[in-house]
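Below is data_15.cif, holding mmCIF, C-alpha atoms.
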data_model
#
loop_
_atom_site.label_atom_id
_atom_site.label_comp_id
_atom_site.auth_asym_id
_atom_site.auth_seq_id
_atom_site.Cartn_x
_atom_site.Cartn_y
_atom_site.Cartn_z
CA MET A 1171 -131.98 -164.37 83.65
CA ALA A 1172 -133.28 -161.53 85.78
CA LEU A 1173 -136.11 -159.44 84.40
CA PRO A 1174 -135.34 -155.74 83.86
CA THR A 1175 -136.67 -153.47 86.58
CA TRP A 1176 -139.18 -150.72 85.79
CA ASP A 1177 -137.93 -147.56 87.45
CA HIS A 1178 -140.25 -145.04 85.79
CA PRO A 1179 -142.47 -143.43 88.45
CA GLU A 1180 -146.15 -144.25 88.27
CA PRO A 1181 -148.33 -141.45 86.84
CA LEU A 1182 -150.50 -139.53 89.26
CA ALA A 1183 -153.72 -141.38 90.00
CA VAL A 1184 -156.81 -139.66 88.62
CA ASP A 1185 -158.66 -140.08 91.93
CA SER A 1186 -155.81 -138.40 93.85
CA ALA A 1187 -156.80 -134.98 92.46
CA PRO A 1188 -158.50 -132.76 95.09
CA VAL A 1189 -161.96 -132.47 93.54
CA PRO A 1190 -163.85 -129.21 94.23
CA GLU A 1191 -166.44 -129.23 96.98
CA TYR A 1192 -169.47 -129.30 94.71
CA GLY A 1193 -172.81 -129.32 96.50
CA ALA A 1194 -171.56 -128.10 99.86
CA GLY A 1195 -168.86 -125.45 99.48
CA SER A 1196 -168.16 -124.35 95.90
CA LEU A 1197 -168.84 -121.15 93.97
CA ALA A 1198 -171.86 -122.83 92.39
CA ASP A 1199 -173.40 -123.18 95.85
CA VAL A 1200 -173.19 -119.52 96.92
CA LEU A 1201 -176.15 -117.89 95.18
CA PRO A 1202 -178.57 -120.82 95.65
CA THR A 1203 -177.83 -120.62 99.37
CA LEU A 1204 -178.43 -116.88 99.51
CA ALA A 1205 -181.56 -117.13 97.34
CA ALA A 1206 -182.97 -119.89 99.52
CA GLY A 1207 -182.59 -117.55 102.49
CA MET A 1208 -184.68 -114.97 100.61
CA SER A 1209 -187.44 -117.53 99.91
CA VAL A 1210 -186.77 -117.88 96.18
CA PRO A 1211 -188.60 -121.07 95.14
CA ASP A 1212 -186.71 -124.28 94.42
CA MET A 1213 -183.43 -123.01 95.87
CA THR A 1214 -181.33 -125.13 98.23
CA ALA A 1215 -179.16 -123.77 101.05
CA ALA A 1216 -176.18 -125.84 99.97
CA ILE A 1217 -173.58 -124.10 102.19
CA PRO A 1218 -174.93 -124.90 105.64
CA GLU A 1219 -172.58 -122.50 107.44
CA LEU A 1220 -174.27 -119.41 105.97
CA THR A 1221 -177.19 -117.73 107.70
CA SER A 1222 -179.88 -115.92 105.74
CA ALA A 1223 -180.23 -112.18 105.19
CA ASP A 1224 -182.90 -110.10 103.45
CA ARG A 1225 -180.34 -108.20 101.40
CA ASN A 1226 -177.30 -109.93 99.94
CA CYS A 1227 -174.39 -108.52 97.96
CA VAL A 1228 -171.69 -110.64 96.32
CA PHE A 1229 -168.46 -108.83 95.43
CA LEU A 1230 -166.34 -111.02 93.17
CA ILE A 1231 -162.68 -110.02 92.89
CA ASP A 1232 -161.20 -111.67 89.82
CA GLY A 1233 -158.05 -113.63 90.66
CA LEU A 1234 -157.93 -113.15 94.45
CA GLY A 1235 -157.33 -116.65 95.82
CA TRP A 1236 -157.47 -117.58 99.48
CA GLU A 1237 -153.74 -118.31 99.73
CA GLN A 1238 -152.76 -115.03 98.06
CA LEU A 1239 -154.97 -113.06 100.44
CA ARG A 1240 -153.59 -114.82 103.51
CA ALA A 1241 -150.02 -114.16 102.32
CA HIS A 1242 -150.51 -110.37 102.05
CA PRO A 1243 -151.92 -109.00 105.31
CA ASP A 1244 -150.07 -105.68 104.97
CA GLU A 1245 -151.55 -104.96 101.55
CA ALA A 1246 -155.08 -106.06 102.50
CA PRO A 1247 -155.61 -105.17 106.17
CA PHE A 1248 -159.39 -104.91 105.95
CA MET A 1249 -159.96 -108.22 104.17
CA THR A 1250 -157.38 -109.84 106.45
CA SER A 1251 -159.49 -108.72 109.41
CA LEU A 1252 -162.40 -110.63 107.82
CA LEU A 1253 -160.61 -113.95 107.31
CA ALA A 1254 -162.23 -115.50 110.37
CA SER A 1255 -165.66 -114.58 108.95
CA SER A 1256 -165.13 -116.67 105.80
CA ARG A 1257 -167.69 -119.35 105.06
CA GLY A 1258 -170.13 -118.35 107.75
CA GLY A 1259 -167.58 -117.73 110.49
CA THR A 1260 -165.70 -121.01 110.14
CA GLY A 1261 -162.60 -119.24 108.83
CA ARG A 1262 -162.49 -121.64 105.87
CA PRO A 1263 -162.42 -121.05 102.11
CA ILE A 1264 -164.69 -122.47 99.44
CA THR A 1265 -163.59 -124.00 96.14
CA ALA A 1266 -163.87 -122.46 92.69
CA GLY A 1267 -164.67 -125.54 90.62
CA TYR A 1268 -162.73 -127.16 87.79
CA PRO A 1269 -161.23 -125.63 85.82
CA ALA A 1270 -160.47 -122.65 88.06
CA THR A 1271 -160.86 -120.03 85.35
CA THR A 1272 -163.00 -116.95 84.88
CA ALA A 1273 -165.56 -118.04 82.26
CA THR A 1274 -166.23 -121.30 84.07
CA SER A 1275 -166.41 -119.72 87.51
CA LEU A 1276 -168.67 -116.82 86.50
CA ALA A 1277 -171.07 -119.31 84.93
CA SER A 1278 -170.94 -121.43 88.09
CA ILE A 1279 -171.70 -118.59 90.47
CA GLY A 1280 -174.35 -117.05 88.21
CA THR A 1281 -176.28 -120.20 87.37
CA GLY A 1282 -175.71 -122.06 90.63
CA LEU A 1283 -174.59 -125.06 88.57
CA PRO A 1284 -171.25 -126.88 88.32
CA PRO A 1285 -169.39 -126.84 84.98
CA GLY A 1286 -170.70 -130.19 83.81
CA ALA A 1287 -174.23 -128.78 83.91
CA HIS A 1288 -173.83 -125.17 82.74
CA GLY A 1289 -171.46 -126.26 79.99
CA LEU A 1290 -168.64 -123.70 80.06
CA PRO A 1291 -165.87 -126.19 80.89
CA GLY A 1292 -162.79 -124.07 80.32
CA TYR A 1293 -161.09 -121.07 78.79
CA THR A 1294 -161.44 -122.68 75.36
CA ALA A 1295 -163.43 -125.79 74.49
CA ARG A 1296 -164.47 -127.56 71.33
CA ASN A 1297 -167.86 -126.77 69.86
CA PRO A 1298 -169.11 -130.23 68.79
CA ALA A 1299 -171.39 -128.67 66.18
CA THR A 1300 -168.53 -127.03 64.28
CA GLY A 1301 -165.41 -128.85 65.45
CA GLU A 1302 -163.81 -125.47 66.26
CA LEU A 1303 -162.30 -124.29 69.50
CA MET A 1304 -164.51 -121.71 71.18
CA ASN A 1305 -163.09 -119.09 73.52
CA GLN A 1306 -165.76 -118.92 76.22
CA LEU A 1307 -164.43 -115.72 77.75
CA ARG A 1308 -164.41 -113.73 74.50
CA TRP A 1309 -167.19 -115.81 72.86
CA ASN A 1310 -165.21 -116.37 69.68
CA PRO A 1311 -166.16 -117.74 67.23
CA TRP A 1312 -169.76 -116.74 67.79
CA THR A 1313 -172.36 -119.27 68.80
CA ASP A 1314 -175.89 -118.79 70.11
CA PRO A 1315 -175.48 -118.02 73.84
CA ARG A 1316 -178.81 -119.56 74.87
CA ALA A 1317 -178.11 -122.75 72.99
CA TRP A 1318 -174.68 -122.97 74.58
CA GLN A 1319 -175.97 -122.31 78.13
CA PRO A 1320 -179.77 -122.75 78.33
CA HIS A 1321 -180.27 -122.76 82.11
CA PRO A 1322 -181.71 -119.69 83.88
CA THR A 1323 -179.46 -117.67 86.15
CA ILE A 1324 -180.12 -117.31 89.87
CA PHE A 1325 -180.60 -113.58 89.22
CA GLN A 1326 -183.41 -114.32 86.77
CA LEU A 1327 -185.07 -116.71 89.21
CA ALA A 1328 -184.73 -114.24 92.07
CA ASP A 1329 -186.10 -111.39 89.95
CA ALA A 1330 -189.10 -113.54 88.99
CA ALA A 1331 -189.68 -114.20 92.71
CA GLY A 1332 -189.90 -110.49 93.48
CA VAL A 1333 -186.36 -109.95 94.76
CA HIS A 1334 -184.76 -106.65 93.72
CA THR A 1335 -181.86 -107.85 91.58
CA ALA A 1336 -178.95 -105.91 90.10
CA GLN A 1337 -175.46 -106.26 88.69
CA VAL A 1338 -172.94 -103.41 89.04
CA SER A 1339 -169.86 -103.78 86.88
CA SER A 1340 -167.85 -102.23 84.06
CA PRO A 1341 -170.02 -100.98 81.17
CA THR A 1342 -167.82 -103.12 78.91
CA PHE A 1343 -169.51 -106.26 80.20
CA GLN A 1344 -173.15 -105.18 79.87
CA ASN A 1345 -173.96 -106.86 76.55
CA THR A 1346 -171.37 -109.63 76.37
CA PRO A 1347 -172.61 -113.18 75.75
CA LEU A 1348 -170.89 -114.36 78.96
CA THR A 1349 -172.85 -111.82 80.99
CA LYS A 1350 -176.08 -112.86 79.27
CA VAL A 1351 -175.67 -116.58 79.98
CA ALA A 1352 -174.11 -116.29 83.44
CA LEU A 1353 -175.12 -113.07 85.17
CA SER A 1354 -178.26 -111.62 83.58
CA GLY A 1355 -181.49 -110.92 85.46
CA GLY A 1356 -182.83 -107.75 87.02
CA THR A 1357 -180.95 -104.60 86.00
CA PHE A 1358 -177.35 -104.03 84.89
CA HIS A 1359 -175.62 -100.83 86.01
CA GLY A 1360 -172.35 -99.95 84.31
CA ARG A 1361 -169.86 -97.81 86.22
CA LEU A 1362 -166.23 -97.21 85.32
CA SER A 1363 -164.53 -96.57 88.65
CA GLY A 1364 -164.37 -99.01 91.54
CA GLU A 1365 -165.59 -96.35 93.94
CA GLU A 1366 -168.68 -95.68 91.81
CA ARG A 1367 -169.44 -99.39 91.73
CA MET A 1368 -169.22 -99.73 95.51
CA ASP A 1369 -171.47 -96.72 96.10
CA LEU A 1370 -174.06 -97.89 93.58
CA ALA A 1371 -173.98 -101.47 94.86
CA ALA A 1372 -174.86 -100.16 98.32
CA GLU A 1373 -177.70 -98.07 96.85
CA GLN A 1374 -179.07 -101.04 94.93
CA LEU A 1375 -178.87 -103.20 98.04
CA ALA A 1376 -181.07 -100.68 99.88
CA ALA A 1377 -183.54 -100.42 96.99
CA GLY A 1378 -185.62 -103.46 97.98
CA ASP A 1379 -186.86 -105.20 101.09
CA ARG A 1380 -185.24 -108.28 99.56
CA SER A 1381 -182.24 -107.56 97.36
CA LEU A 1382 -179.60 -109.57 95.51
CA VAL A 1383 -176.71 -107.48 94.14
CA TYR A 1384 -173.55 -108.57 92.34
CA THR A 1385 -170.47 -106.45 91.73
CA TYR A 1386 -167.11 -107.24 90.20
CA TYR A 1387 -163.52 -106.02 89.90
CA ALA A 1388 -161.08 -107.41 87.31
CA GLU A 1389 -157.66 -105.84 87.66
CA VAL A 1390 -156.20 -108.00 90.43
CA ASP A 1391 -156.33 -110.80 87.87
CA GLY A 1392 -155.10 -108.56 85.06
CA LYS A 1393 -151.98 -107.45 86.91
CA GLY A 1394 -151.34 -111.01 88.09
CA HIS A 1395 -151.34 -112.36 84.55
CA ARG A 1396 -149.07 -109.61 83.27
CA PHE A 1397 -146.66 -109.10 86.15
CA GLY A 1398 -147.22 -112.00 88.55
CA ILE A 1399 -148.50 -112.12 92.11
CA ASP A 1400 -145.01 -111.31 93.39
CA SER A 1401 -145.01 -107.87 91.78
CA ASP A 1402 -145.58 -104.29 92.87
CA PRO A 1403 -148.40 -103.72 90.32
CA TRP A 1404 -150.26 -106.75 91.70
CA ARG A 1405 -149.76 -105.64 95.30
CA GLY A 1406 -150.96 -102.16 94.36
CA GLN A 1407 -154.19 -103.61 92.98
CA LEU A 1408 -154.68 -105.66 96.14
CA MET A 1409 -154.28 -102.52 98.25
CA TYR A 1410 -156.81 -100.72 96.07
CA VAL A 1411 -159.44 -103.45 96.11
CA ASP A 1412 -159.06 -103.81 99.88
CA ARG A 1413 -160.13 -100.18 100.19
CA LEU A 1414 -163.07 -100.86 97.88
CA VAL A 1415 -164.28 -103.72 100.07
CA GLN A 1416 -164.10 -101.48 103.15
CA ARG A 1417 -165.92 -98.69 101.32
CA LEU A 1418 -168.80 -101.01 100.44
CA ALA A 1419 -168.88 -102.64 103.88
CA GLU A 1420 -169.24 -99.25 105.57
CA GLN A 1421 -172.32 -98.40 103.46
CA LEU A 1422 -174.35 -101.57 103.98
CA PRO A 1423 -178.03 -100.84 104.67
CA PRO A 1424 -179.79 -102.67 107.53
CA ARG A 1425 -180.46 -106.42 107.27
CA SER A 1426 -177.65 -106.89 104.76
CA ALA A 1427 -174.85 -109.37 104.20
CA LEU A 1428 -171.81 -108.69 102.01
CA TYR A 1429 -169.88 -111.67 100.67
CA VAL A 1430 -166.43 -111.16 99.14
CA THR A 1431 -165.22 -114.01 96.97
CA ALA A 1432 -163.18 -114.76 93.83
CA ASP A 1433 -163.28 -116.89 90.72
CA HIS A 1434 -159.86 -118.52 91.19
CA GLY A 1435 -156.42 -118.05 92.71
CA MET A 1436 -153.15 -117.72 90.81
CA ILE A 1437 -149.61 -119.07 90.63
CA ASP A 1438 -146.49 -117.59 89.03
CA ILE A 1439 -144.64 -119.96 86.70
CA PRO A 1440 -140.93 -119.48 85.86
CA PHE A 1441 -139.90 -118.86 82.27
CA ASP A 1442 -137.81 -121.91 81.46
CA GLU A 1443 -138.24 -125.17 79.60
CA GLN A 1444 -138.57 -127.16 82.81
CA HIS A 1445 -141.64 -125.24 83.94
CA ARG A 1446 -143.12 -124.30 80.54
CA ILE A 1447 -143.59 -127.29 78.24
CA ASP A 1448 -144.22 -126.06 74.71
CA PHE A 1449 -146.81 -128.16 72.91
CA ASP A 1450 -145.96 -126.51 69.61
CA GLU A 1451 -142.38 -127.75 69.84
CA ASP A 1452 -143.02 -131.23 71.29
CA TRP A 1453 -143.72 -133.82 68.60
CA GLU A 1454 -144.66 -136.48 71.16
CA LEU A 1455 -147.43 -134.39 72.69
CA ARG A 1456 -148.69 -133.26 69.28
CA ALA A 1457 -148.95 -136.80 67.86
CA GLY A 1458 -152.59 -137.68 67.25
CA VAL A 1459 -153.92 -134.37 68.58
CA ALA A 1460 -156.40 -132.45 66.46
CA LEU A 1461 -157.06 -129.52 68.83
CA LEU A 1462 -155.51 -128.22 72.04
CA GLY A 1463 -158.00 -126.45 74.28
CA GLY A 1464 -158.24 -125.10 77.79
CA GLU A 1465 -155.23 -123.23 79.15
CA GLY A 1466 -151.75 -123.98 80.40
CA ARG A 1467 -152.69 -125.60 83.71
CA ALA A 1468 -156.01 -127.13 82.62
CA ARG A 1469 -155.87 -128.61 79.14
CA HIS A 1470 -158.57 -130.17 76.99
CA VAL A 1471 -156.87 -132.39 74.41
CA TYR A 1472 -158.99 -133.40 71.41
CA ALA A 1473 -157.63 -136.41 69.56
CA VAL A 1474 -157.79 -137.32 65.91
CA PRO A 1475 -160.58 -139.94 65.54
CA GLY A 1476 -159.23 -143.33 66.56
CA ALA A 1477 -156.18 -141.90 68.36
CA GLN A 1478 -157.74 -141.27 71.77
CA ALA A 1479 -156.10 -144.21 73.55
CA ASP A 1480 -152.68 -143.48 72.08
CA VAL A 1481 -152.87 -139.80 73.03
CA LEU A 1482 -153.87 -140.72 76.58
CA THR A 1483 -150.97 -143.17 76.87
CA CYS A 1484 -148.46 -140.69 75.49
CA TRP A 1485 -149.56 -137.79 77.67
CA ARG A 1486 -149.45 -140.00 80.76
CA GLU A 1487 -145.95 -141.19 79.91
CA VAL A 1488 -144.62 -137.71 79.19
CA LEU A 1489 -146.50 -135.63 81.79
CA GLY A 1490 -148.04 -138.04 84.27
CA GLU A 1491 -145.67 -137.21 87.12
CA GLN A 1492 -146.58 -133.51 87.03
CA PHE A 1493 -150.18 -133.53 85.79
CA TRP A 1494 -153.27 -135.49 86.61
CA ILE A 1495 -153.98 -137.01 83.20
CA ALA A 1496 -157.46 -138.45 82.68
CA SER A 1497 -159.60 -139.63 79.82
CA ARG A 1498 -162.88 -137.77 79.45
CA ASP A 1499 -164.82 -140.59 81.10
CA GLU A 1500 -162.31 -140.92 83.93
CA ALA A 1501 -162.52 -137.20 84.70
CA ILE A 1502 -166.31 -137.35 84.67
CA ALA A 1503 -166.37 -140.41 86.93
CA ALA A 1504 -163.96 -138.70 89.34
CA GLY A 1505 -166.33 -135.71 89.58
CA TRP A 1506 -163.93 -133.10 88.22
CA PHE A 1507 -166.74 -131.17 86.52
CA GLY A 1508 -169.40 -131.86 89.13
CA PRO A 1509 -171.70 -134.76 90.00
CA ARG A 1510 -172.98 -135.01 86.43
CA VAL A 1511 -172.11 -133.91 82.92
CA ASP A 1512 -175.05 -133.06 80.67
CA GLU A 1513 -175.25 -134.77 77.29
CA ARG A 1514 -174.85 -131.48 75.43
CA VAL A 1515 -171.62 -130.82 77.38
CA TYR A 1516 -170.01 -134.25 77.04
CA ALA A 1517 -168.25 -133.70 73.70
CA ARG A 1518 -167.05 -130.24 74.74
CA LEU A 1519 -164.65 -131.94 77.15
CA GLY A 1520 -161.30 -133.15 75.90
CA ASP A 1521 -160.71 -136.76 74.97
CA VAL A 1522 -157.77 -136.32 77.34
CA ILE A 1523 -157.79 -133.82 80.21
CA ALA A 1524 -154.58 -132.60 81.86
CA ALA A 1525 -154.67 -130.79 85.22
CA ALA A 1526 -151.37 -129.52 86.64
CA ARG A 1527 -150.24 -130.58 90.10
CA ASP A 1528 -146.73 -129.12 89.97
CA ASP A 1529 -145.55 -125.61 89.08
CA VAL A 1530 -145.71 -126.25 85.34
CA LEU A 1531 -147.59 -125.15 82.23
CA ILE A 1532 -148.34 -126.64 78.85
CA ILE A 1533 -147.92 -123.56 76.68
CA ALA A 1534 -148.45 -123.27 72.93
CA SER A 1535 -146.05 -120.55 71.82
CA GLU A 1536 -147.29 -120.38 68.20
CA ARG A 1537 -151.02 -120.95 68.70
CA GLU A 1538 -151.35 -118.98 71.93
CA PRO A 1539 -148.55 -116.37 72.03
CA LYS A 1540 -150.26 -113.99 74.46
CA GLU A 1541 -151.39 -116.68 76.88
CA SER A 1542 -147.97 -118.36 76.70
CA ALA A 1543 -146.30 -115.13 77.85
CA MET A 1544 -148.34 -114.70 81.04
CA VAL A 1545 -146.47 -114.68 84.35
CA GLY A 1546 -149.40 -115.57 86.60
CA ASN A 1547 -151.56 -118.57 85.68
CA HIS A 1548 -154.44 -120.65 87.01
CA GLY A 1549 -156.90 -123.38 86.09
CA SER A 1550 -156.08 -126.55 87.99
CA MET A 1551 -157.15 -128.10 91.31
CA THR A 1552 -154.21 -127.17 93.51
CA PRO A 1553 -155.07 -125.17 96.64
CA VAL A 1554 -153.35 -122.01 95.37
CA GLU A 1555 -155.70 -121.96 92.35
CA GLN A 1556 -158.79 -123.64 93.72
CA LEU A 1557 -159.38 -122.11 97.15
CA VAL A 1558 -161.19 -118.78 97.26
CA PRO A 1559 -162.48 -116.70 100.18
CA LEU A 1560 -166.10 -116.16 101.16
CA LEU A 1561 -165.59 -113.23 103.51
CA GLN A 1562 -168.66 -111.86 105.25
CA VAL A 1563 -169.79 -108.50 106.64
CA ARG A 1564 -173.28 -108.16 108.12
CA SER A 1565 -175.22 -105.07 109.16
#

Can you turn what I pasted into structure tokens?
Amino acid sequence: MALPTWDHPEPLAVDSAPVPEYGAGSLADVLPTLAAGMSVPDMTAAIPELTSADRNCVFLIDGLGWEQLRAHPDEAPFMTSLLASSRGGTGRPITAGYPATTATSLASIGTGLPPGAHGLPGYTARNPATGELMNQLRWNPWTDPRAWQPHPTIFQLADAAGVHTAQVSSPTFQNTPLTKVALSGGTFHGRLSGEERMDLAAEQLAAGDRSLVYTYYAEVDGKGHRFGIDSDPWRGQLMYVDRLVQRLAEQLPPRSALYVTADHGMIDIPFDEQHRIDFDEDWELRAGVALLGGEGRARHVYAVPGAQADVLTCWREVLGEQFWIASRDEAIAAGWFGPRVDERVYARLGDVIAAARDDVLIIASEREPKESAMVGNHGSMTPVEQLVPLLQVRS
């Protein structure tokens, strides 16, 4: 009697995921490289393609991925003209880090550490001390910021080394816990309009013989989430921020370098059951799950005690052709969160971790109604989400 044939496709191998370029070309490597060039102690020039400058400004545009920028030369003529300058003139992008999401990426760039070390491993993650999901962007429910992320920022280290250090952003962000743990050090200057931020960033850059200045713009990401990256509102924001970059570039004082980067890219996901898998309506995916964290393309799945193996098996069987599905230890061993994961961070990671490869989401229509309604999404390790520019202008 012939044995039955197994025709179910094998799940995606964990080690086939394109791991971020930690230690040589990720967001976490940008500020240590710049600080090393300004003689800040104990800093490593991790991105070898960059050359040092006395005055450095990083302009982070939330949501502007490398692939989106390259696809819109008409809307962003100035930044398009700088594509060849990316990553020290190699014309290459850098990687955001996993997951490719704002809270994680801002902590990576500000601390110079990968997610496994700074400990903000996603949009939401479990607080092991309370068992609750914590939103690391909105810092809800409250937890002590310094206990959650105890490492100093590069801005604090640079300020202590005598570098003139400043952040120029929306006043809304001045006293948020995320700013305190990721971007504090030196002085914070709140300005409402993009033009005011660019002008003040240039002034702050000129204020010291050695200067490190950070500025930020959010609405490219905001319009992408609401309307998608194939929308007129998104294209309008790209046109606007392109003019901001040019405005800042034209005001650079002598001996300066401007670096334009982003925290993640973005992908539009269709609104149908094939592309949006609803956890709240799928009994198989819910079985044995105590908490669902992360976001649609980068999920942390926290199992009921004793159910970890069953949840991993089920998620692989149901989603393994479209998502890289890993146990916590498998994801750590594969380097998804960096070369190491600190002990205090270990239990913040899901028992099961799901990273999307295809154009799909795991939504939660009842638990996360606003997030489930977003057009543009991000979080995983695909090039459209993971690759970000590091454009350069020098004076």

Handout entry: Output of the PyMOL selection byres ((chain A and resi 1381) around 12), listed as a PyMOL selection string
Key = chain A and resi 1204-1205+1207-1210+1223-1228+1325+1328-1329+1331-1337+1356-1357+1371-1380+1382-1384+1422-1428

Practice task
Would you translate the PyMOL selection byres ((chain A and resi 1350) around 10) into the concrete set of residues it matches in this file, as JSON, numbers by chain?
Solution key: {"A": [1277, 1315, 1316, 1319, 1322, 1323, 1343, 1344, 1345, 1346, 1347, 1348, 1349, 1351, 1352, 1353, 1354, 1355]}

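Minimum atom-to-atom distances from A:Ala1215, A:Ala1479, A:Leu1197, A:Leu1303 to Thr1281 of chain A were compared using all atoms listed in the file, and the lowest value belongs to A:Leu1197.
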
Exercise for the section: May I have the protein, DNA and RNA residues with any atom at most 10 Å from the point (-163.5, -135.5, 75.1), counting all atoms listed in the file, written as JSON, numbers by chain? Expected result: {"A": [1295, 1296, 1298, 1470, 1471, 1472, 1473, 1478, 1497, 1498, 1499, 1501, 1515, 1516, 1517, 1518, 1519, 1520, 1521, 1522, 1523]}

Give me, as a Markdown table, the closest atom pair and its distance (Å, one decimal) for every residue of segment 1365-1441 of chain A within a cut-off of 10 Å of segment 1545-1553 of chain A, counting all atoms listed in the file, rows sorted by chain and rising number.
| residue | atom | partner | partner_atom | distance |
| --- | --- | --- | --- | --- |
| A:Asp1391 | CA | A:Gly1546 | CA | 8.5 |
| A:Gly1392 | CA | A:Gly1546 | CA | 9.2 |
| A:Lys1393 | CA | A:Gly1546 | CA | 8.5 |
| A:Gly1394 | CA | A:Gly1546 | CA | 5.2 |
| A:His1395 | CA | A:Gly1546 | CA | 4.3 |
| A:Arg1396 | CA | A:Val1545 | CA | 5.8 |
| A:Phe1397 | CA | A:Val1545 | CA | 5.9 |
| A:Gly1398 | CA | A:Gly1546 | CA | 4.6 |
| A:Ile1399 | CA | A:Gly1546 | CA | 6.6 |
| A:Asp1400 | CA | A:Gly1546 | CA | 9.1 |
| A:His1434 | CA | A:His1548 | CA | 7.2 |
| A:Gly1435 | CA | A:His1548 | CA | 6.6 |
| A:Met1436 | CA | A:His1548 | CA | 5.0 |
| A:Ile1437 | CA | A:Gly1546 | CA | 5.3 |
| A:Asp1438 | CA | A:Gly1546 | CA | 4.3 |
| A:Ile1439 | CA | A:Val1545 | CA | 6.1 |
| A:Pro1440 | CA | A:Val1545 | CA | 7.5 |
| A:Phe1441 | CA | A:Val1545 | CA | 8.1 |

Exercise for the section: List the neighbours of Val1558 of chain A out to 6 Å using all atoms listed in the file; skip same-chain residues closer than 3 positions along the sequence, and give me the result as a ChimeraX atom specification. Expected result: /A:1235-1236,1263-1265,1432

Practice task
Find the residues with any atom within 9 Å of (-168.8, -118.3, 109.6); use only C-alpha atoms and the coordinates as given in the file, and write the answer as a list in words.
Solution key: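 Residues with an atom at most 9 Å from (-168.8, -118.3, 109.6): Glu1219, Leu1220, Thr1221, Ala1254, Ser1255, Ser1256, Arg1257, Gly1258, Gly1259, Thr1260, Gly1261, Arg1262, Leu1561 and Gln1562 of chain A.
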
Prev. selection, C-alpha atoms, output as a PDB file, keeping the file's coordinate frame:
ATOM      1  CA  GLU A1219    -172.580-122.500 107.440  1.00  0.00           C
ATOM      2  CA  LEU A1220    -174.270-119.410 105.970  1.00  0.00           C
ATOM      3  CA  THR A1221    -177.190-117.730 107.700  1.00  0.00           C
ATOM      4  CA  ALA A1254    -162.230-115.500 110.370  1.00  0.00           C
ATOM      5  CA  SER A1255    -165.660-114.580 108.950  1.00  0.00           C
ATOM      6  CA  SER A1256    -165.130-116.670 105.800  1.00  0.00           C
ATOM      7  CA  ARG A1257    -167.690-119.350 105.060  1.00  0.00           C
ATOM      8  CA  GLY A1258    -170.130-118.350 107.750  1.00  0.00           C
ATOM      9  CA  GLY A1259    -167.580-117.730 110.490  1.00  0.00           C
ATOM     10  CA  THR A1260    -165.700-121.010 110.140  1.00  0.00           C
ATOM     11  CA  GLY A1261    -162.600-119.240 108.830  1.00  0.00           C
ATOM     12  CA  ARG A1262    -162.490-121.640 105.870  1.00  0.00           C
ATOM     13  CA  LEU A1561    -165.590-113.230 103.510  1.00  0.00           C
ATOM     14  CA  GLN A1562    -168.660-111.860 105.250  1.00  0.00           C
TER      15      GLN A1562
END

Selection in question (the file shown): the PyMOL selection byres ((chain A and resi 1409) around 12). Which residues does it include, as an mmCIF file with C-alpha atoms, in the coordinates of the input?
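The resulting result-v5.cif:
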data_model
loop_
_atom_site.group_PDB
_atom_site.id
_atom_site.type_symbol
_atom_site.label_atom_id
_atom_site.label_comp_id
_atom_site.auth_asym_id
_atom_site.auth_seq_id
_atom_site.Cartn_x
_atom_site.Cartn_y
_atom_site.Cartn_z
ATOM 1 C CA LEU A 1234 -157.930 -113.150 94.450
ATOM 2 C CA LEU A 1239 -154.970 -113.060 100.440
ATOM 3 C CA HIS A 1242 -150.510 -110.370 102.050
ATOM 4 C CA PRO A 1243 -151.920 -109.000 105.310
ATOM 5 C CA ASP A 1244 -150.070 -105.680 104.970
ATOM 6 C CA GLU A 1245 -151.550 -104.960 101.550
ATOM 7 C CA ALA A 1246 -155.080 -106.060 102.500
ATOM 8 C CA PRO A 1247 -155.610 -105.170 106.170
ATOM 9 C CA PHE A 1248 -159.390 -104.910 105.950
ATOM 10 C CA MET A 1249 -159.960 -108.220 104.170
ATOM 11 C CA THR A 1250 -157.380 -109.840 106.450
ATOM 12 C CA GLU A 1389 -157.660 -105.840 87.660
ATOM 13 C CA VAL A 1390 -156.200 -108.000 90.430
ATOM 14 C CA ASP A 1402 -145.580 -104.290 92.870
ATOM 15 C CA PRO A 1403 -148.400 -103.720 90.320
ATOM 16 C CA TRP A 1404 -150.260 -106.750 91.700
ATOM 17 C CA ARG A 1405 -149.760 -105.640 95.300
ATOM 18 C CA GLY A 1406 -150.960 -102.160 94.360
ATOM 19 C CA GLN A 1407 -154.190 -103.610 92.980
ATOM 20 C CA LEU A 1408 -154.680 -105.660 96.140
ATOM 21 C CA TYR A 1410 -156.810 -100.720 96.070
ATOM 22 C CA VAL A 1411 -159.440 -103.450 96.110
ATOM 23 C CA ASP A 1412 -159.060 -103.810 99.880
ATOM 24 C CA ARG A 1413 -160.130 -100.180 100.190
ATOM 25 C CA LEU A 1414 -163.070 -100.860 97.880
ATOM 26 C CA VAL A 1415 -164.280 -103.720 100.070
ATOM 27 C CA GLN A 1416 -164.100 -101.480 103.150
#

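The two atoms in question, atom CA of Glu1237 of chain A and atom CA of Thr1271 of chain A, are spaced 16.1 Å apart.
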
Practice task
Tell me which of A:Asp1452, A:Gly1464, A:Asp1480, A:Ser1222 sits closest to Met1304 of chain A, counting only C-alpha atoms.
Solution key: A:Gly1464

Handout entry: Contacts of Ala1496 of chain A within 10 Å, only C-alpha atoms, excl. fewer than 3 positions in-chain, as a list in words
Key =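 Those residues are Leu1182, Ala1183, Val1184, Asp1185, Leu1482, Thr1483, Trp1485, Arg1486, Gly1490, Phe1493, Asp1499, Glu1500, Ala1501, Ile1502, Ala1504, Gly1520, Asp1521, Val1522, Ile1523, Ala1524 and Ala1525 of chain A.
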